[in-house]
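Participant: Contents of entry-v4.txt (compact mmCIF, C-alpha atoms and all ligand atoms):
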# COMPACT_ATOMS: atom_id res chain seq x y z
CA MET A 1 216.57 -136.83 161.08
CA THR A 2 214.44 -137.23 157.97
CA GLY A 3 216.30 -134.99 155.52
CA LYS A 4 217.17 -131.40 154.79
CA VAL A 5 214.86 -128.63 153.58
CA ILE A 6 215.18 -124.89 153.00
CA VAL A 7 212.55 -122.37 154.11
CA THR A 8 212.78 -118.81 152.79
CA GLY A 9 210.98 -116.19 154.86
CA ALA A 10 211.73 -118.39 157.89
CA ALA A 11 211.35 -115.62 160.48
CA GLY A 12 207.99 -114.44 159.15
CA PHE A 13 204.54 -115.24 160.46
CA ILE A 14 203.85 -118.38 158.43
CA GLY A 15 207.50 -119.29 157.78
CA SER A 16 208.38 -119.53 161.47
CA HIS A 17 205.45 -121.89 162.13
CA LEU A 18 206.46 -123.95 159.10
CA CYS A 19 210.04 -124.27 160.39
CA GLU A 20 208.81 -125.55 163.76
CA HIS A 21 206.44 -128.02 162.06
CA LEU A 22 209.24 -129.40 159.85
CA LEU A 23 211.70 -129.61 162.76
CA ASP A 24 209.05 -131.53 164.75
CA LYS A 25 208.79 -133.94 161.83
CA GLY A 26 212.53 -134.56 162.04
CA TYR A 27 213.78 -132.44 159.13
CA ARG A 28 216.93 -130.37 159.26
CA VAL A 29 215.88 -126.87 158.27
CA ILE A 30 217.96 -124.10 156.74
CA GLY A 31 215.97 -120.88 157.17
CA ILE A 32 216.77 -117.88 154.99
CA ASP A 33 215.45 -114.49 156.05
CA SER A 34 216.86 -110.98 155.84
CA LEU A 35 214.53 -109.77 158.62
CA THR A 36 213.25 -106.88 156.51
CA ASP A 37 211.95 -103.87 158.40
CA TYR A 38 208.43 -104.08 156.92
CA TYR A 39 207.63 -104.82 160.54
CA SER A 40 209.92 -105.08 163.55
CA PRO A 41 212.97 -107.33 162.95
CA GLU A 42 213.03 -107.84 166.73
CA ARG A 43 209.55 -109.28 166.53
CA LYS A 44 210.78 -111.64 163.79
CA ARG A 45 213.68 -112.73 166.01
CA GLY A 46 211.02 -113.65 168.57
CA HIS A 47 209.16 -115.69 165.93
CA ILE A 48 212.23 -117.74 165.09
CA LYS A 49 213.56 -118.14 168.63
CA GLN A 50 212.04 -121.56 169.19
CA ALA A 51 213.44 -122.92 165.90
CA ILE A 52 216.88 -121.46 166.67
CA GLY A 53 216.87 -123.39 169.92
CA HIS A 54 216.54 -126.62 167.93
CA LYS A 55 219.74 -128.39 166.91
CA GLY A 56 218.35 -129.14 163.44
CA PHE A 57 217.90 -125.46 162.54
CA THR A 58 220.27 -122.97 160.92
CA LEU A 59 219.35 -119.38 160.16
CA VAL A 60 220.97 -117.68 157.17
CA GLU A 61 220.27 -114.02 157.74
CA GLU A 62 220.61 -112.75 154.18
CA ASP A 63 218.58 -111.19 151.42
CA LEU A 64 217.56 -113.75 148.81
CA ASN A 65 218.91 -111.37 146.18
CA ASP A 66 222.43 -111.61 147.65
CA CYS A 67 222.47 -115.06 149.18
CA ASP A 68 224.59 -117.81 147.59
CA ILE A 69 221.71 -120.28 147.45
CA GLU A 70 223.69 -122.82 145.42
CA THR A 71 226.01 -123.55 148.34
CA LEU A 72 223.04 -124.35 150.58
CA LEU A 73 221.40 -126.87 148.26
CA ASP A 74 223.50 -129.94 148.97
CA GLU A 75 221.20 -132.86 149.97
CA THR A 76 218.15 -130.58 150.01
CA GLU A 77 214.82 -132.37 149.59
CA CYS A 78 212.61 -129.31 149.07
CA VAL A 79 212.72 -125.52 148.99
CA PHE A 80 209.75 -123.78 150.60
CA HIS A 81 209.68 -120.25 149.22
CA LEU A 82 207.73 -117.99 151.56
CA ALA A 83 209.98 -114.90 151.60
CA ALA A 84 208.11 -111.96 150.13
CA GLN A 85 207.16 -108.40 150.62
CA ALA A 86 203.60 -109.04 151.81
CA GLY A 87 200.67 -106.65 152.19
CA VAL A 88 198.16 -105.34 149.67
CA ARG A 89 197.73 -101.76 150.86
CA GLY A 90 201.43 -100.94 151.02
CA SER A 91 202.11 -102.10 147.49
CA TRP A 92 201.19 -98.82 145.80
CA GLY A 93 203.59 -95.94 145.22
CA SER A 94 207.31 -95.92 145.84
CA GLU A 95 207.15 -99.06 148.03
CA PHE A 96 206.50 -101.10 144.89
CA ASN A 97 210.30 -101.44 144.42
CA HIS A 98 210.41 -103.75 147.42
CA TYR A 99 207.59 -105.87 146.01
CA VAL A 100 209.36 -106.27 142.67
CA SER A 101 212.69 -107.01 144.32
CA SER A 102 211.49 -109.55 146.91
CA ASN A 103 208.56 -111.13 145.07
CA ILE A 104 209.68 -111.22 141.44
CA VAL A 105 213.45 -110.72 141.17
CA ALA A 106 214.28 -112.91 144.20
CA THR A 107 211.94 -115.65 142.95
CA GLN A 108 213.52 -115.61 139.49
CA ARG A 109 216.97 -115.79 141.10
CA LEU A 110 215.91 -118.81 143.14
CA LEU A 111 214.41 -120.49 140.05
CA GLU A 112 217.65 -119.91 138.11
CA VAL A 113 219.56 -121.82 140.78
CA LEU A 114 216.96 -124.58 141.08
CA LYS A 115 216.79 -125.23 137.33
CA GLY A 116 220.14 -127.00 137.65
CA HIS A 117 218.74 -129.25 140.39
CA GLY A 118 215.67 -130.76 138.73
CA SER A 119 215.03 -133.21 141.54
CA ILE A 120 214.51 -130.53 144.21
CA PRO A 121 210.86 -129.45 144.29
CA LEU A 122 209.83 -125.89 145.07
CA VAL A 123 206.77 -125.08 147.15
CA PHE A 124 205.84 -121.47 146.47
CA ALA A 125 203.62 -119.36 148.75
CA SER A 126 201.21 -117.62 146.41
CA SER A 127 198.08 -115.75 147.37
CA SER A 128 194.32 -115.52 146.83
CA SER A 129 195.06 -111.96 145.69
CA VAL A 130 195.95 -113.33 142.22
CA TYR A 131 192.19 -113.77 141.59
CA GLY A 132 191.31 -110.09 142.00
CA ASP A 133 187.87 -108.69 142.67
CA THR A 134 185.90 -111.43 141.00
CA ARG A 135 182.22 -112.37 141.28
CA GLU A 136 183.19 -115.92 140.37
CA ILE A 137 183.12 -117.43 143.87
CA PRO A 138 184.09 -119.81 145.26
CA MET A 139 187.37 -119.20 143.48
CA ARG A 140 188.68 -122.12 141.46
CA GLU A 141 192.29 -122.58 140.41
CA GLY A 142 191.44 -122.63 136.70
CA GLN A 143 189.46 -119.40 136.49
CA SER A 144 190.75 -116.13 135.08
CA LEU A 145 193.21 -114.20 137.19
CA LYS A 146 192.95 -110.42 137.39
CA PRO A 147 194.77 -109.10 140.46
CA VAL A 148 193.63 -105.65 141.58
CA SER A 149 196.68 -104.76 143.68
CA PRO A 150 200.34 -104.36 142.74
CA TYR A 151 201.08 -107.00 145.40
CA GLY A 152 198.73 -109.47 143.66
CA ALA A 153 200.38 -108.66 140.33
CA THR A 154 203.81 -109.57 141.74
CA LYS A 155 202.50 -112.86 143.17
CA LEU A 156 200.95 -113.74 139.81
CA SER A 157 204.22 -112.87 138.03
CA ALA A 158 206.05 -115.21 140.38
CA GLU A 159 203.54 -118.00 139.66
CA HIS A 160 204.08 -117.45 135.92
CA LEU A 161 207.85 -117.62 136.42
CA CYS A 162 207.52 -120.95 138.26
CA GLU A 163 205.47 -122.30 135.36
CA LEU A 164 208.03 -121.05 132.80
CA TYR A 165 210.87 -122.81 134.62
CA HIS A 166 208.72 -125.92 134.83
CA ILE A 167 208.01 -125.92 131.08
CA ASN A 168 211.51 -125.02 129.97
CA PHE A 169 213.72 -126.75 132.54
CA GLY A 170 211.48 -129.41 134.08
CA LEU A 171 211.55 -127.72 137.49
CA ARG A 172 209.01 -129.29 139.87
CA TYR A 173 206.92 -126.81 141.77
CA VAL A 174 203.66 -126.42 143.63
CA ALA A 175 202.09 -122.98 144.12
CA LEU A 176 199.77 -122.65 147.11
CA ARG A 177 197.30 -119.78 147.03
CA TYR A 178 196.85 -119.00 150.70
CA PHE A 179 193.59 -117.33 151.73
CA THR A 180 194.02 -114.85 154.63
CA VAL A 181 196.06 -116.75 157.20
CA PHE A 182 195.59 -115.97 160.90
CA GLY A 183 196.77 -117.14 164.30
CA PRO A 184 199.66 -116.45 166.71
CA ARG A 185 202.40 -114.21 165.18
CA GLN A 186 200.06 -112.87 162.51
CA ARG A 187 201.63 -109.86 160.76
CA PRO A 188 200.85 -106.55 162.49
CA ASP A 189 199.43 -104.99 159.30
CA MET A 190 196.74 -107.69 158.99
CA ALA A 191 193.17 -107.01 160.09
CA PHE A 192 192.90 -109.44 163.05
CA SER A 193 196.20 -108.21 164.50
CA ARG A 194 195.10 -104.61 164.23
CA PHE A 195 191.70 -105.37 165.76
CA ILE A 196 193.10 -107.40 168.64
CA THR A 197 195.92 -105.01 169.56
CA ALA A 198 193.58 -102.02 169.36
CA SER A 199 191.08 -103.79 171.58
CA LEU A 200 193.65 -104.93 174.16
CA GLY A 201 195.13 -101.43 174.20
CA ASP A 202 191.73 -99.70 174.52
CA GLU A 203 192.20 -97.97 171.17
CA PRO A 204 189.53 -97.45 168.52
CA VAL A 205 189.47 -100.05 165.75
CA GLU A 206 189.84 -98.87 162.18
CA VAL A 207 187.87 -100.74 159.52
CA TYR A 208 188.43 -100.17 155.79
CA GLY A 209 185.07 -99.98 154.01
CA GLU A 210 181.78 -100.97 155.64
CA GLY A 211 183.02 -104.23 157.13
CA THR A 212 180.69 -106.29 154.96
CA GLN A 213 183.59 -107.62 152.88
CA THR A 214 184.12 -111.35 153.43
CA ARG A 215 187.27 -113.43 153.63
CA ASP A 216 187.97 -117.13 153.72
CA PHE A 217 190.17 -117.28 156.83
CA THR A 218 192.79 -120.01 157.21
CA TYR A 219 194.31 -120.93 160.55
CA VAL A 220 198.09 -120.99 160.39
CA SER A 221 198.52 -124.65 161.42
CA ASP A 222 196.16 -125.69 158.61
CA ALA A 223 198.13 -123.63 156.08
CA VAL A 224 201.39 -125.06 157.40
CA ALA A 225 200.16 -128.68 157.25
CA ALA A 226 199.15 -128.18 153.60
CA THR A 227 202.52 -126.57 152.84
CA ALA A 228 204.51 -129.44 154.34
CA GLN A 229 202.28 -131.96 152.57
CA ALA A 230 202.87 -130.21 149.22
CA MET A 231 206.55 -131.20 149.26
CA LEU A 232 205.54 -134.85 148.83
CA TYR A 233 203.12 -134.18 145.96
CA ASP A 234 204.18 -135.46 142.57
CA GLY A 235 200.89 -135.40 140.64
CA PRO A 236 199.74 -133.44 137.62
CA GLN A 237 198.41 -130.29 139.36
CA ARG A 238 200.66 -127.39 140.18
CA VAL A 239 198.38 -124.78 141.77
CA PHE A 240 196.20 -125.24 144.85
CA ASN A 241 193.85 -123.05 146.85
CA ILE A 242 194.54 -123.23 150.57
CA GLY A 243 191.50 -121.79 152.34
CA GLY A 244 190.33 -122.66 155.83
CA GLY A 245 186.61 -122.65 155.03
CA ASN A 246 186.03 -120.02 157.73
CA ARG A 247 184.26 -117.54 155.48
CA SER A 248 183.05 -114.52 157.48
CA SER A 249 182.54 -110.81 157.13
CA ILE A 250 184.79 -108.35 158.93
CA LEU A 251 181.78 -107.27 161.04
CA ASP A 252 181.26 -110.89 162.14
CA VAL A 253 184.93 -111.15 163.04
CA LEU A 254 184.70 -107.95 165.09
CA SER A 255 181.74 -109.21 167.07
CA THR A 256 183.53 -112.52 167.73
CA ILE A 257 186.57 -110.58 169.01
CA GLU A 258 184.27 -108.46 171.22
CA ARG A 259 182.78 -111.59 172.70
CA LEU A 260 186.14 -113.31 173.23
CA ILE A 261 187.86 -110.27 174.76
CA GLY A 262 184.70 -109.29 176.63
CA LYS A 263 184.82 -105.67 175.58
CA LYS A 264 182.77 -103.50 173.22
CA LEU A 265 184.95 -102.11 170.44
CA GLU A 266 184.92 -98.54 169.25
CA ILE A 267 184.82 -98.98 165.48
CA ARG A 268 185.84 -96.23 163.05
CA PHE A 269 184.93 -96.83 159.45
CA ASP A 270 187.43 -95.59 156.91
CA ALA A 271 187.40 -95.48 153.09
CA PRO A 272 187.81 -98.86 151.41
CA ALA A 273 191.49 -99.56 150.76
CA LYS A 274 192.59 -99.59 147.13
CA GLY A 275 193.56 -103.10 146.09
CA ASP A 276 191.28 -104.81 148.65
CA VAL A 277 188.70 -107.13 147.12
CA LEU A 278 185.10 -107.51 148.27
CA ASP A 279 185.04 -111.25 148.85
CA THR A 280 187.35 -114.22 148.91
CA TRP A 281 186.19 -117.80 149.12
CA ALA A 282 188.33 -120.79 148.21
CA ASP A 283 187.13 -123.86 146.40
CA THR A 284 189.48 -126.33 148.09
CA GLY A 285 188.28 -129.44 146.25
CA ARG A 286 191.59 -129.85 144.45
CA ALA A 287 193.74 -129.48 147.57
CA ARG A 288 191.50 -131.90 149.48
CA ALA A 289 191.63 -134.51 146.71
CA GLU A 290 195.30 -134.22 145.79
CA LEU A 291 197.08 -133.04 148.95
CA GLY A 292 194.72 -134.51 151.54
CA PHE A 293 194.14 -130.95 152.79
CA GLU A 294 191.72 -131.01 155.71
CA PRO A 295 191.49 -127.71 157.60
CA THR A 296 190.49 -128.33 161.19
CA VAL A 297 190.60 -125.03 163.09
CA SER A 298 187.49 -122.86 163.31
CA LEU A 299 187.50 -119.08 163.25
CA GLU A 300 186.58 -118.87 166.92
CA THR A 301 189.18 -121.37 168.15
CA GLY A 302 191.87 -119.75 166.00
CA LEU A 303 190.93 -116.26 167.14
CA GLU A 304 191.16 -117.35 170.76
CA ALA A 305 194.70 -118.61 170.13
CA GLU A 306 195.67 -115.38 168.37
CA ILE A 307 194.22 -113.25 171.19
CA ASP A 308 196.10 -115.33 173.79
CA TRP A 309 199.32 -114.86 171.85
CA TYR A 310 198.85 -111.09 171.61
CA ARG A 311 198.02 -110.92 175.31
CA SER A 312 201.29 -112.59 176.23
CA HIS A 313 203.41 -110.68 173.69
CA LEU A 314 202.16 -107.14 174.12
CA ARG A 315 205.52 -105.85 175.33
CA VAL A 316 207.24 -107.13 172.18
CA MET A 317 204.50 -105.49 170.10
CA GLU A 318 205.09 -102.17 171.78
CA GLY A 319 208.72 -102.45 170.74
CA GLY A 320 207.62 -102.34 167.13
N1 LIG A 401 199.65 -114.06 155.73
C1 LIG A 401 198.74 -114.30 154.78
O1 LIG A 401 197.53 -114.27 155.02
C2 LIG A 401 199.18 -114.62 153.38
C3 LIG A 401 198.19 -114.78 152.40
C4 LIG A 401 198.58 -115.07 151.10
C5 LIG A 401 199.91 -115.26 150.80
N2 LIG A 401 200.85 -115.08 151.76
C6 LIG A 401 202.27 -115.29 151.41
O2 LIG A 401 202.85 -116.16 152.37
C7 LIG A 401 204.21 -115.79 152.59
C8 LIG A 401 204.46 -115.53 154.06
O3 LIG A 401 203.62 -114.45 154.48
P1 LIG A 401 203.65 -113.89 155.97
O4 LIG A 401 202.31 -113.36 156.27
O5 LIG A 401 204.27 -114.92 156.85
O6 LIG A 401 204.65 -112.64 155.79
P2 LIG A 401 205.86 -112.14 156.68
O7 LIG A 401 206.15 -110.75 156.21
O8 LIG A 401 205.58 -112.33 158.12
O9 LIG A 401 207.04 -113.10 156.26
C9 LIG A 401 207.85 -112.92 155.12
C10 LIG A 401 209.30 -113.03 155.53
O10 LIG A 401 210.13 -112.91 154.37
C11 LIG A 401 211.27 -112.13 154.69
N3 LIG A 401 211.77 -111.52 153.44
C12 LIG A 401 211.10 -110.63 152.67
N4 LIG A 401 211.85 -110.33 151.59
C13 LIG A 401 213.00 -111.05 151.70
C14 LIG A 401 214.15 -111.17 150.89
N5 LIG A 401 214.29 -110.47 149.76
N6 LIG A 401 215.15 -112.00 151.29
C15 LIG A 401 215.03 -112.71 152.44
N7 LIG A 401 213.95 -112.64 153.25
C16 LIG A 401 212.95 -111.81 152.87
C17 LIG A 401 210.77 -111.11 155.70
O11 LIG A 401 211.81 -110.61 156.52
C18 LIG A 401 209.72 -111.90 156.49
O12 LIG A 401 210.27 -112.45 157.67
C19 LIG A 401 204.48 -114.59 151.69
O13 LIG A 401 205.02 -115.07 150.48
C20 LIG A 401 203.09 -114.01 151.44
O14 LIG A 401 203.04 -113.31 150.23
C21 LIG A 401 200.53 -114.76 153.05
What do you get writing this file as structure tokens?
Facilitator:
Amino acid sequence: MTGKVIVTGAAGFIGSHLCEHLLDKGYRVIGIDSLTDYYSPERKRGHIKQAIGHKGFTLVEEDLNDCDIETLLDETECVFHLAAQAGVRGSWGSEFNHYVSSNIVATQRLLEVLKGHGSIPLVFASSSSVYGDTREIPMREGQSLKPVSPYGATKLSAEHLCELYHINFGLRYVALRYFTVFGPRQRPDMAFSRFITASLGDEPVEVYGEGTQTRDFTYVSDAVAATAQAMLYDGPQRVFNIGGGNRSSILDVLSTIERLIGKKLEIRFDAPAKGDVLDTWADTGRARAELGFEPTVSLETGLEAEIDWYRSHLRVMEGG
């Protein structure tokens, strides 16, 4: 065993892959996750099943706002903070409470505990949504940040909080701005998941806007490798773009899915969703130079893996 780490959001899409990656590397992993009902908790139990079968893994099934984090910190080498209320479109209206509670209040609570443990670094899962609907692409870490969704605003607040605890208490942190992550276990509200499940279930596919919007898609194993690598980083930078370099339009993605599944999709175009941006594109120069980030999985290869996963998990999907 290499050492002990904590992963918040351990049963989520990215968190569960991260836990498996760290366990494979020989770490003992304490996963914290309250299995929120944003999507099926049963599905999340499926995500974390493999890690739970590993002797180095412990799941603490609690809300970060209630959990006694202090008691878990003994001998911890890093805290990976991925727990969040994710999703741009759902962040308007009365649901915003959940975003504030899980993305801002819970992060501040974690930082309060960590400030007394200056040697434990924090790796925080931020988002490309902090940039907003900018024409300044590719997006660079130093450019102005104007989120256009309440979700993006909470992620930016959390980044600011990390920086405040760094300045005032010397807390070490790295914030990774993930650009649309995809692959097996992708959240059901995300575009690829919706497209693939609709296609496999012979349902029409709903597209927000005209489908010409572009995203820089990042395969989950590339995002996870960068996240694990970030724990070892002790240089001067604190914020990194993590983008897979698979920049494509939604229409291109749809035609790739059609080709891979071998079926023509019935596409229904809907109004653009409020809070969605037109384009994302990561400048990953900093992450490449400082973290050795080297994304390796193409859109097509990653989509094939995600389709395979959905094919073999359709019954779980139907449960929620
Ligand atoms: N998926 C992406 O493309 C993407 C892009 C940018 C940023 N991110 C960020 O990466 C992280 C992981 O995203 P994901 O797609 O895996 O989401 P996810 O919803 O699958 O995982 C988040 C997990 O956090 C847990 N959680 C939420 N609030 C909690 C709380 N208060 N206490 C304990 N557990 C809580 C949920 O139960 C869930 O299992 C999030 O911080 C998200 O904002 C994701």
Participant: Kindly work out which residues sit at most 6 Å from ligand LIG 401 (chain A), using all atoms listed in the file, and give the list as a compact mmCIF listing (two decimals) with C-alpha atoms, keeping the file's coordinate frame.
Facilitator:
# COMPACT_ATOMS: atom_id res chain seq x y z
CA GLY A 9 210.98 -116.19 154.86
CA ALA A 11 211.35 -115.62 160.48
CA GLY A 12 207.99 -114.44 159.15
CA PHE A 13 204.54 -115.24 160.46
CA ILE A 14 203.85 -118.38 158.43
CA GLY A 15 207.50 -119.29 157.78
CA ASP A 33 215.45 -114.49 156.05
CA SER A 34 216.86 -110.98 155.84
CA LEU A 35 214.53 -109.77 158.62
CA THR A 36 213.25 -106.88 156.51
CA GLU A 62 220.61 -112.75 154.18
CA ASP A 63 218.58 -111.19 151.42
CA LEU A 64 217.56 -113.75 148.81
CA ASN A 65 218.91 -111.37 146.18
CA LEU A 82 207.73 -117.99 151.56
CA ALA A 83 209.98 -114.90 151.60
CA ALA A 84 208.11 -111.96 150.13
CA GLN A 85 207.16 -108.40 150.62
CA ALA A 86 203.60 -109.04 151.81
CA SER A 102 211.49 -109.55 146.91
CA ALA A 125 203.62 -119.36 148.75
CA SER A 126 201.21 -117.62 146.41
CA SER A 127 198.08 -115.75 147.37
CA TYR A 178 196.85 -119.00 150.70
CA PHE A 179 193.59 -117.33 151.73
CA THR A 180 194.02 -114.85 154.63
CA VAL A 181 196.06 -116.75 157.20
CA ARG A 187 201.63 -109.86 160.76
Participant: Using only C-alpha atoms for the distances, tell me which of A:Phe80, A:Phe195, A:Phe217, A:Tyr173 is nearest to Lys115 of chain A.
Facilitator: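 Under the stated criterion, the closest residue is A:Tyr173.
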Participant: Please measure the separation of atom CA of Lys55 of chain A and atom CA of Glu20 of chain A, giving the value in Å to one decimal.
Facilitator: 11.7 Å
Participant: Smallest atom-to-atom distance to Val277 of chain A: which of A:Gly209, A:Gly170, A:Pro121, A:Gly142, using all atoms listed in the file?
Facilitator: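 Going through A:Gly209, A:Gly170, A:Pro121, A:Gly142 one by one, the smallest distance to Val277 of chain A is for A:Gly209.
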Participant: Box for segment 253-272 of chain A - axis-aligned, 5 Å on each of the six sides, all listed atoms - centre and size in Å to one decimal, as JSON.
Facilitator:
{"center_x": 184.8, "center_y": -104.4, "center_z": 164.0, "size_x": 16.1, "size_y": 27.8, "size_z": 35.2}
Participant: Determine, counting only C-alpha atoms, which protein, DNA and RNA residues have an atom within 10 Å of an atom of Leu299 of chain A; residues of the same chain fewer than 2 positions away are not included. Present the result as a PyMOL selection string.
Facilitator: chain A and resi 182-183+216-219+244-248+253+256+296-297+301-305
Participant: Give the answer as one residue: which of A:Arg140, A:Val105, A:Thr280, A:Leu314 has the shortest atom-to-atom distance to Thr212 of chain A, using all atoms listed in the file?
Facilitator: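 Once distances to Thr212 of chain A are computed over all atoms listed in the file, the minimum belongs to A:Thr280.
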Participant: So which one's closest to Cys162 of chain A, A:Ser312, A:Asn103, A:Thr227, A:Gln213? Using all atoms listed in the file, please.
Facilitator: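 The answer is A:Asn103, which sits nearest to Cys162 of chain A.
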Participant: Rounded to one decimal, what separation in Å do you get between atom CA of Val148 of chain A and atom CA of Arg89 of chain A?
Facilitator: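 Interatomic distance here is 10.9 Å.
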Participant: Counting only C-alpha atoms, which of A:Pro150, A:Ile120, A:Ile250, A:Val220 gets nearest to Leu18 of chain A?
Facilitator: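 Counting only C-alpha atoms, the residue closest to Leu18 of chain A is A:Val220.
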Participant: Find the residues around Asn241 of chain A up to 8 Å (all atoms listed in the file counted), leave out those fewer than 2 positions away in its own chain, and share them as a list in words.
Facilitator: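 So, after excluding close chain neighbours, the residues are Ser128, Arg140, Glu141, Leu176, Arg177, Tyr178, Phe179, Val239, Gly243, Ala282, Asp283, Thr284, Arg286 and Ala287 of chain A.
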Participant: Looking at only C-alpha atoms, which of A:Ser199, A:Leu59, A:Pro295, A:Tyr233 is the one that sits closest to Gly262 of chain A?
Facilitator: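 With only C-alpha atoms as the atom set, the closest residue is A:Ser199.
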